[in-house]
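As stored in query10.txt (compact mmCIF, C-alpha atoms):
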# COMPACT_ATOMS: atom_id res chain seq x y z
CA MET A 2 0.00 0.00 0.00
CA ILE A 3 1.27 3.46 -0.93
CA GLY A 4 0.04 7.02 -0.49
CA ILE A 5 -0.59 9.24 -3.49
CA SER A 6 -1.34 12.95 -3.74
CA ALA A 7 -5.05 13.01 -4.53
CA CYS A 8 -4.52 15.30 -7.53
CA LEU A 9 -2.10 12.77 -9.04
CA GLY A 10 -4.71 10.09 -8.39
CA GLY A 11 -7.31 11.92 -10.46
CA LEU A 12 -9.24 13.95 -7.88
CA PHE A 13 -10.02 17.55 -8.77
CA CYS A 14 -8.52 19.06 -5.62
CA ARG A 15 -5.67 21.29 -6.82
CA TYR A 16 -5.75 24.97 -5.89
CA ASP A 17 -7.13 25.72 -9.37
CA GLY A 18 -9.82 23.03 -9.12
CA ASN A 19 -8.05 20.74 -11.57
CA THR A 20 -6.28 17.40 -11.40
CA GLN A 21 -2.82 16.28 -12.49
CA GLU A 22 -3.73 12.61 -12.88
CA LEU A 23 -1.00 10.09 -13.62
CA THR A 24 -2.92 7.36 -15.37
CA ASP A 25 -0.25 4.73 -14.56
CA LEU A 26 -1.38 5.00 -10.93
CA ARG A 27 -5.01 4.16 -11.68
CA PRO A 28 -4.51 0.36 -11.39
CA LEU A 29 -3.10 0.77 -7.87
CA ILE A 30 -6.08 2.87 -6.85
CA GLU A 31 -8.60 0.52 -8.46
CA VAL A 32 -7.28 -2.55 -6.61
CA GLY A 33 -7.03 -0.74 -3.27
CA GLN A 34 -3.23 -0.57 -3.09
CA ALA A 35 -3.19 3.22 -2.76
CA GLN A 36 -4.55 5.78 -0.31
CA LEU A 37 -5.26 9.19 -1.85
CA ILE A 38 -4.45 12.19 0.33
CA CYS A 39 -4.67 15.95 -0.12
CA PRO A 40 -3.14 17.70 2.89
CA GLU A 41 -4.51 21.07 1.80
CA VAL A 42 -8.10 19.84 1.66
CA LEU A 43 -7.61 17.87 4.89
CA GLY A 44 -6.44 21.14 6.45
CA GLY A 45 -9.79 22.71 5.62
CA LEU A 46 -8.89 24.67 2.49
CA PRO A 47 -11.52 24.82 -0.27
CA THR A 48 -11.23 23.74 -3.89
CA PRO A 49 -10.55 25.89 -5.78
CA ARG A 50 -8.49 28.16 -3.52
CA LYS A 51 -6.07 31.02 -3.94
CA PRO A 52 -2.51 29.92 -4.78
CA ALA A 53 -0.18 29.86 -1.79
CA GLU A 54 3.58 29.81 -1.37
CA ILE A 55 5.98 29.43 1.52
CA ILE A 56 7.60 32.72 2.48
CA GLY A 57 10.89 32.68 4.39
CA GLY A 58 12.10 29.17 3.68
CA ASP A 59 10.59 25.74 3.09
CA GLY A 60 8.40 23.24 4.89
CA PHE A 61 11.04 22.43 7.51
CA ASP A 62 11.28 26.15 8.29
CA VAL A 63 7.47 26.33 8.63
CA TRP A 64 7.55 23.60 11.31
CA GLN A 65 10.31 25.52 13.13
CA GLY A 66 8.23 28.71 13.08
CA GLN A 67 10.70 30.47 10.78
CA ALA A 68 8.53 30.60 7.63
CA GLN A 69 4.86 30.85 6.80
CA VAL A 70 2.47 29.85 4.04
CA VAL A 71 0.63 32.84 2.55
CA ASN A 72 -1.85 32.98 -0.31
CA THR A 73 -2.03 35.57 -3.08
CA ALA A 74 -4.49 37.64 -1.04
CA GLY A 75 -1.88 37.93 1.73
CA VAL A 76 -3.77 35.58 4.07
CA ASP A 77 -1.58 33.43 6.33
CA VAL A 78 -2.74 29.83 5.78
CA THR A 79 0.13 28.20 7.66
CA GLU A 80 -2.06 26.51 10.27
CA ALA A 81 -4.28 24.94 7.61
CA TYR A 82 -1.18 23.52 5.91
CA LYS A 83 0.21 22.17 9.18
CA ASN A 84 -3.12 20.69 10.26
CA GLY A 85 -3.56 19.06 6.87
CA ALA A 86 -0.09 17.53 7.02
CA GLN A 87 -0.86 16.03 10.42
CA LYS A 88 -4.22 14.65 9.28
CA ALA A 89 -2.70 13.20 6.11
CA TYR A 90 0.02 11.54 8.16
CA GLN A 91 -2.59 10.02 10.48
CA GLN A 92 -4.40 8.55 7.46
CA LEU A 93 -1.16 7.13 6.09
CA GLN A 94 -0.22 5.65 9.46
CA ALA A 95 -3.66 4.06 9.87
CA GLN A 96 -2.92 2.12 6.65
CA GLY A 97 0.70 1.35 7.56
CA ILE A 98 1.93 3.38 4.60
CA GLN A 99 5.64 4.26 4.51
CA GLN A 100 5.98 5.38 0.87
CA VAL A 101 4.18 8.18 -0.94
CA ILE A 102 4.06 9.76 -4.39
CA LEU A 103 3.52 13.50 -3.99
CA LYS A 104 2.97 16.47 -6.30
CA GLU A 105 6.20 18.33 -6.94
CA ARG A 106 6.37 22.14 -6.58
CA SER A 107 3.39 22.20 -4.19
CA PRO A 108 3.69 24.18 -0.95
CA SER A 109 2.35 21.04 0.76
CA CYS A 110 3.77 18.17 -1.23
CA GLY A 111 6.87 19.41 -3.06
CA SER A 112 9.92 17.33 -2.20
CA GLN A 113 12.66 18.81 -4.34
CA LEU A 114 11.33 22.10 -5.71
CA ILE A 115 8.89 24.67 -4.36
CA TYR A 116 8.13 28.25 -5.36
CA ASP A 117 10.14 30.96 -3.64
CA GLY A 118 7.29 32.90 -2.01
CA SER A 119 7.35 35.82 -4.44
CA PHE A 120 4.51 34.51 -6.65
CA SER A 121 6.77 35.17 -9.65
CA GLY A 122 7.05 31.53 -10.75
CA THR A 123 10.61 31.28 -9.43
CA ARG A 124 11.45 27.82 -8.12
CA ILE A 125 13.89 26.99 -5.37
CA ASN A 126 15.20 23.81 -3.83
CA GLY A 127 13.06 22.87 -0.86
CA VAL A 128 10.20 20.81 0.45
CA GLY A 129 6.56 21.51 1.22
CA VAL A 130 4.93 21.50 4.64
CA ALA A 131 3.45 17.99 4.44
CA THR A 132 6.59 16.56 2.88
CA ALA A 133 8.73 17.93 5.71
CA TYR A 134 6.35 16.40 8.25
CA PHE A 135 6.38 13.02 6.47
CA LEU A 136 10.16 12.96 6.04
CA LYS A 137 10.73 13.72 9.73
CA ARG A 138 8.60 10.64 10.48
CA GLY A 139 10.45 8.29 8.16
CA ILE A 140 8.11 8.21 5.16
CA THR A 141 9.87 7.86 1.80
CA VAL A 142 8.71 10.46 -0.71
CA TYR A 143 8.61 10.11 -4.49
CA THR A 144 7.39 12.65 -7.06
CA GLU A 145 5.67 12.51 -10.43
CA ASP A 146 9.20 12.68 -11.85
CA ASN A 147 10.65 9.58 -10.14
CA TYR A 148 7.67 7.47 -9.04
CA HIS A 149 8.54 4.70 -11.52
CA GLU A 150 11.37 3.75 -9.15
CA LEU A 151 8.70 2.88 -6.58
CA LEU A 152 6.32 1.19 -9.03
CA ASP A 153 9.08 -1.02 -10.42
CA GLY A 154 9.47 -2.56 -6.96
CA LEU A 155 5.77 -3.16 -6.25
CA ALA A 156 4.03 -6.50 -6.21
CA VAL A 157 2.60 -8.23 -9.26
CA THR A 158 -0.82 -6.67 -8.68
CA TYR A 159 0.40 -3.46 -10.32
CA GLN A 160 1.64 -5.35 -13.37
CA ASP A 161 -1.70 -7.14 -14.02

Full structure transcribed into structure tokens:
Amino acid sequence: MIGISACLGGLFCRYDGNTQELTDLRPLIEVGQAQLICPEVLGGLPTPRKPAEIIGGDGFDVWQGQAQVVNTAGVDVTEAYKNGAQKAYQQLQAQGIQQVILKERSPSCGSQLIYDGSFSGTRINGVGVATAYFLKRGITVYTEDNYHELLDGLAVTYQD
């Protein structure tokens, strides 16, 4: 069993109300080998919602109180992001999940790149709020760029 960002699993939960479905993941979802999670929705944010970025660092800095998540209207949504990360982690733990495929560049789920907080489209190295929380708890994180490494090691059910 693995965790998958709900938008990558085909749910219309992105900030813009869209999905970023990876159709290769559909078989895992259909046979019950995947748990879909959206930390932002679990944190109480609506779909669609205003875009948000981390200002002052990355997800690790948010957990240390050194950075915050702010949307384009200037509203601090840090607590929603933190609450969503905790709820998503609880769902993953309830299923014994230790590996996830998350949406890159997201202020929640990015694991290599996030936006720099200027809303200019500039990317920086860093992780999102949920990713930082998951990594600190030993969950292995993959992205839509490298998830095949995880799928290649899964049981035959995926190959059917």

With a cut-off of 10 Å, could you pull out the residues of range 23-99 of chain A touching range 6-18 of chain A and give me the nearest pair of atoms for each, distance in Å to one decimal, using all atoms listed in the file, ordered by chain and ascending number, as JSON lines?
{"residue": "A:Leu23", "atom": "CA", "partner": "A:Leu9", "partner_atom": "CA", "distance": 5.4}
{"residue": "A:Thr24", "atom": "CA", "partner": "A:Gly10", "partner_atom": "CA", "distance": 7.7}
{"residue": "A:Asp25", "atom": "CA", "partner": "A:Gly10", "partner_atom": "CA", "distance": 9.3}
{"residue": "A:Leu26", "atom": "CA", "partner": "A:Gly10", "partner_atom": "CA", "distance": 6.6}
{"residue": "A:Arg27", "atom": "CA", "partner": "A:Gly10", "partner_atom": "CA", "distance": 6.8}
{"residue": "A:Leu29", "atom": "CA", "partner": "A:Gly10", "partner_atom": "CA", "distance": 9.5}
{"residue": "A:Ile30", "atom": "CA", "partner": "A:Gly10", "partner_atom": "CA", "distance": 7.5}
{"residue": "A:Ala35", "atom": "CA", "partner": "A:Gly10", "partner_atom": "CA", "distance": 9.0}
{"residue": "A:Gln36", "atom": "CA", "partner": "A:Ala7", "partner_atom": "CA", "distance": 8.4}
{"residue": "A:Leu37", "atom": "CA", "partner": "A:Ala7", "partner_atom": "CA", "distance": 4.7}
{"residue": "A:Ile38", "atom": "CA", "partner": "A:Ala7", "partner_atom": "CA", "distance": 5.0}
{"residue": "A:Cys39", "atom": "CA", "partner": "A:Ala7", "partner_atom": "CA", "distance": 5.3}
{"residue": "A:Pro40", "atom": "CA", "partner": "A:Ser6", "partner_atom": "CA", "distance": 8.4}
{"residue": "A:Glu41", "atom": "CA", "partner": "A:Cys14", "partner_atom": "CA", "distance": 8.7}
{"residue": "A:Val42", "atom": "CA", "partner": "A:Cys14", "partner_atom": "CA", "distance": 7.3}
{"residue": "A:Leu46", "atom": "CA", "partner": "A:Tyr16", "partner_atom": "CA", "distance": 9.0}
{"residue": "A:Pro47", "atom": "CA", "partner": "A:Tyr16", "partner_atom": "CA", "distance": 8.1}
{"residue": "A:Thr48", "atom": "CA", "partner": "A:Gly18", "partner_atom": "CA", "distance": 5.5}
{"residue": "A:Pro49", "atom": "CA", "partner": "A:Gly18", "partner_atom": "CA", "distance": 4.5}
{"residue": "A:Arg50", "atom": "CA", "partner": "A:Tyr16", "partner_atom": "CA", "distance": 4.8}
{"residue": "A:Lys51", "atom": "CA", "partner": "A:Tyr16", "partner_atom": "CA", "distance": 6.4}
{"residue": "A:Pro52", "atom": "CA", "partner": "A:Tyr16", "partner_atom": "CA", "distance": 6.0}
{"residue": "A:Ala53", "atom": "CA", "partner": "A:Tyr16", "partner_atom": "CA", "distance": 8.5}
{"residue": "A:Ala89", "atom": "CA", "partner": "A:Ser6", "partner_atom": "CA", "distance": 9.9}

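Using only C-alpha atoms, the smallest distance between any of A:Tyr82, A:Trp64, A:Phe135, A:Phe120 and Ile98 in chain A comes from A:Phe135.
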
Give me, please, the distance in Å between CA of Val70 in chain A and CA of Leu136 in chain A, quoted to one decimal.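 CA of Leu136 in chain A lies at a distance of 18.7 Å from CA of Val70 in chain A.
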
Tell me which protein, DNA and RNA residues are within 9 Å of Gly129 in chain A, counting only C-alpha atoms, leaving out same-chain ones fewer than 2 positions away, and put them as a ChimeraX atom specification. /A:55,59-61,63,105-115,127,131-134

With C-alpha atoms kept, could you save the residues just selected as a compact mmCIF listing (two decimals), keeping the file's coordinate frame?
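Result file follows (selection26.txt):
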# COMPACT_ATOMS: atom_id res chain seq x y z
CA ILE A 55 5.98 29.43 1.52
CA ASP A 59 10.59 25.74 3.09
CA GLY A 60 8.40 23.24 4.89
CA PHE A 61 11.04 22.43 7.51
CA VAL A 63 7.47 26.33 8.63
CA GLU A 105 6.20 18.33 -6.94
CA ARG A 106 6.37 22.14 -6.58
CA SER A 107 3.39 22.20 -4.19
CA PRO A 108 3.69 24.18 -0.95
CA SER A 109 2.35 21.04 0.76
CA CYS A 110 3.77 18.17 -1.23
CA GLY A 111 6.87 19.41 -3.06
CA SER A 112 9.92 17.33 -2.20
CA GLN A 113 12.66 18.81 -4.34
CA LEU A 114 11.33 22.10 -5.71
CA ILE A 115 8.89 24.67 -4.36
CA GLY A 127 13.06 22.87 -0.86
CA ALA A 131 3.45 17.99 4.44
CA THR A 132 6.59 16.56 2.88
CA ALA A 133 8.73 17.93 5.71
CA TYR A 134 6.35 16.40 8.25

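Here CA of Ile5 in chain A stands at a distance of 9.4 Å from CA of Thr144 in chain A.
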